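A quick write-up on the structure given underneath.
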Amino acid sequence: MKVIAINGSPRKNGNTAYALNIIGHVLRDEGIDFEILEVGGKNIRGCLACNKCSANKNGKCITTTDLLNDSLVKMKEADGIILASPVYYSGIAGAMKCFLDRAFYVASANGGWFRHKVGASVVAVRRSGGSMTFNALNHYLSLSEMLIPTSNYWNVIHGRAPGEAAKDEEGVQVMKILGKNMAWMLKMKEQAKDMEPEQTEKVFTNFIR
């Protein structure tokens with residue numbers, strides 16, 4: 001089994017990465033492969049709302065000048081996905097938001113690739129806005145019918161300068177427990193794969209007629 005983590009922070013070795021590495025150590029101890037994809041700080045274009053990924057059904061975004069399509073291959077093959085972002089103005093960091101909008105739309109338009117994968121959200125914040133960003137990340141997971149493990153608090157760790165998150169003892173514990181619960185859910189899902197419910201075709205309703 002393998003988990004892919006998407007790091008939306010432009011600081012490759014910042015507090016978001018610190019939180020991810022805590023989870024990664026726990027997963028590896030449980031025999032689960034772990035890899036971090038660096039998205040933050042990259043030049044990633046936003047969704048054009050062209051709907052070509054749905055029309056073409058080739059599993060790709062028509063924008064090919066960034067890392068999205070290559071990253072999608074790894075996300076599709078993974079058993080679990082972690083979305084991690086620092087907080088920018090009480091929300092998801094810009095490059096990460098652009099990446100997620102396109103990635104999750106392509107996955108949905110091509111058969112629901114992420115359905116029943118195990119998915120978790122992680123947030124690093126200086127002071128406030130953590131729970132709002134955490135909720136925003138979770139929208140991608142829940143809309144995709146992903147299985148979401150929890151911890152003993154919301155998955156938010158505090159720190160501003162790189163390394164400060166290590167001082168957040170509660171936040172560190174939250175990440176460790178999240179890693180354990182994610183590993184347990186991945187293993188439980190593997191045991192129950194023959195019981196997975198069939199996928200239901202999505203019904204779309206517009207409120208303006």
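Ligands are numbered from 1 in the order shown, chains are lettered A, B, ... in the order of the structure tokens, and residues start at 1 in each chain.
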Excluding stretch 159-162 of chain A and its own-chain neighbours fewer than 2 positions away, which residues fall within 10 Å of it when counting only C-alpha atoms? Please give them as a ChimeraX atom specification. /A:11-18,86,124-127,157,164-168,171
Could you give me, as a compact mmCIF listing (two decimals) with N, CA, C and O atoms, in the first residue's frame, each residue of stretch 103-201 of chain A that DSSP assigns to strand (DSSP E) when run on this structure's backbone?
```txt
# COMPACT_ATOMS: atom_id res chain seq x y z
N VAL A 118 -8.42 6.28 0.91
CA VAL A 118 -8.36 6.90 2.23
C VAL A 118 -7.72 8.27 2.08
O VAL A 118 -6.63 8.40 1.51
N GLY A 119 -8.41 9.31 2.55
CA GLY A 119 -7.91 10.67 2.36
C GLY A 119 -7.97 11.49 3.64
O GLY A 119 -8.92 11.39 4.41
N ALA A 120 -6.94 12.29 3.86
CA ALA A 120 -6.90 13.14 5.04
C ALA A 120 -6.39 14.53 4.68
O ALA A 120 -5.67 14.69 3.69
N SER A 121 -6.76 15.51 5.49
CA SER A 121 -6.31 16.89 5.31
C SER A 121 -5.44 17.30 6.49
O SER A 121 -5.71 16.91 7.63
N VAL A 122 -4.41 18.10 6.21
CA VAL A 122 -3.49 18.58 7.23
C VAL A 122 -3.23 20.06 6.99
O VAL A 122 -3.04 20.49 5.84
N VAL A 123 -3.19 20.84 8.06
CA VAL A 123 -3.01 22.29 7.95
C VAL A 123 -1.93 22.76 8.91
O VAL A 123 -1.87 22.31 10.06
N ALA A 124 -1.08 23.67 8.43
CA ALA A 124 -0.11 24.36 9.29
C ALA A 124 -0.47 25.84 9.31
O ALA A 124 -0.71 26.44 8.27
N VAL A 125 -0.50 26.42 10.51
CA VAL A 125 -0.97 27.79 10.65
C VAL A 125 -0.18 28.51 11.74
O VAL A 125 0.26 27.88 12.71
N VAL A 156 -4.58 20.21 12.65
CA VAL A 156 -3.94 21.52 12.52
C VAL A 156 -2.73 21.58 13.44
O VAL A 156 -2.83 21.22 14.62
N ILE A 157 -1.60 22.01 12.90
CA ILE A 157 -0.39 22.19 13.70
C ILE A 157 0.04 23.65 13.59
O ILE A 157 -0.14 24.29 12.56
N HIS A 158 0.59 24.19 14.68
CA HIS A 158 0.89 25.62 14.75
C HIS A 158 2.39 25.90 14.70
O HIS A 158 3.19 25.20 15.32
```
Close residues, A:Ile23 itself excluded, 7 Å, only C-alpha atoms, min 3 positions apart in chain, as a PyMOL selection string: chain A and resi 19-20+26-27+175-176+178-179
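Our summary of the geometry notes that atom CA of A:Asp33 is positioned 6.2 Å from atom CA of A:Met1.
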For stretch 76-78 of chain A, find every residue with an atom within 9 Å (counting only C-alpha atoms), except residues of its own chain fewer than 5 positions away, and show them as a list in words. Met1, Lys2, Val3, Ile4, Ser71, Ala107, Trp113, Phe114 and Lys117 of chain A
Can you tell me how far atom CA of A:Asn110 sits from atom CA of A:Ser54, in Å to one decimal?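 Spanning atom CA of A:Asn110 to atom CA of A:Ser54 is a straight-line distance of 6.5 Å.
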Write out as a PyMOL selection string which residues come within 12 Å of A:Gly111 when counting only C-alpha atoms, dropping same-chain ones fewer than 2 positions away. chain A and resi 53-54+57-59+76+104-109+113-115+144+199-202
Near stretch 100-102 of chain A, counting only C-alpha atoms, which residues have an atom at most 8 Å away, once you skip same-chain residues fewer than 3 positions from it, shown as an mmCIF file with N, CA, C and O atoms, in the first residue's frame?
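Listing of around_3.cif after writing:
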```cif
data_model
loop_
_atom_site.group_PDB
_atom_site.id
_atom_site.type_symbol
_atom_site.label_atom_id
_atom_site.label_comp_id
_atom_site.auth_asym_id
_atom_site.auth_seq_id
_atom_site.Cartn_x
_atom_site.Cartn_y
_atom_site.Cartn_z
ATOM 1 N N GLY A 46 -4.693 27.742 -12.883
ATOM 2 C CA GLY A 46 -6.013 27.432 -12.366
ATOM 3 C C GLY A 46 -6.879 26.728 -13.407
ATOM 4 O O GLY A 46 -6.544 26.683 -14.591
ATOM 5 N N CYS A 47 -7.994 26.180 -12.961
ATOM 6 C CA CYS A 47 -8.914 25.503 -13.866
ATOM 7 C C CYS A 47 -9.530 26.504 -14.840
ATOM 8 O O CYS A 47 -9.960 27.594 -14.449
ATOM 9 N N CYS A 61 -5.671 16.730 -17.905
ATOM 10 C CA CYS A 61 -6.065 18.119 -18.097
ATOM 11 C C CYS A 61 -5.419 18.608 -19.385
ATOM 12 O O CYS A 61 -4.299 18.194 -19.723
ATOM 13 N N LEU A 68 0.705 18.839 -13.058
ATOM 14 C CA LEU A 68 -0.555 18.214 -12.659
ATOM 15 C C LEU A 68 -0.747 16.810 -13.231
ATOM 16 O O LEU A 68 -1.041 15.872 -12.494
ATOM 17 N N MET A 96 -1.764 25.500 -4.367
ATOM 18 C CA MET A 96 -2.440 24.282 -3.929
ATOM 19 C C MET A 96 -3.904 24.283 -4.371
ATOM 20 O O MET A 96 -4.421 23.265 -4.838
ATOM 21 N N LYS A 97 -4.566 25.412 -4.230
ATOM 22 C CA LYS A 97 -5.976 25.511 -4.646
ATOM 23 C C LYS A 97 -6.116 25.250 -6.139
ATOM 24 O O LYS A 97 -7.015 24.506 -6.570
ATOM 25 N N TYR A 105 -11.218 17.558 -10.298
ATOM 26 C CA TYR A 105 -12.194 17.591 -11.382
ATOM 27 C C TYR A 105 -11.859 16.550 -12.445
ATOM 28 O O TYR A 105 -12.748 15.832 -12.928
ATOM 29 N N VAL A 106 -10.579 16.440 -12.803
ATOM 30 C CA VAL A 106 -10.174 15.412 -13.773
ATOM 31 C C VAL A 106 -10.514 14.026 -13.237
ATOM 32 O O VAL A 106 -11.058 13.181 -13.959
ATOM 33 N N TYR A 140 -12.886 18.591 -0.778
ATOM 34 C CA TYR A 140 -12.417 17.779 -1.907
ATOM 35 C C TYR A 140 -12.555 16.284 -1.590
ATOM 36 O O TYR A 140 -12.961 15.502 -2.450
#
```
Just how far from atom CA of A:Arg45 is atom CA of A:Ala95, in Å to one decimal?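 Going from atom CA of A:Ala95 over to atom CA of A:Arg45, I get 7.8 Å.
With only C-alpha atoms as the atoms that count, the minimum distance from A:Gly112 to the choices A:Glu145, A:Ile44, A:Glu38, A:Asp29 is reached by A:Glu145.
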Write down as a PyMOL selection string the residues of stretch 7-209 of chain A whose backbone DSSP state falls under helix (DSSP H, G or I). chain A and resi 15-29+52-56+68-77+94-109+130-143+164-167+169-191+193-195
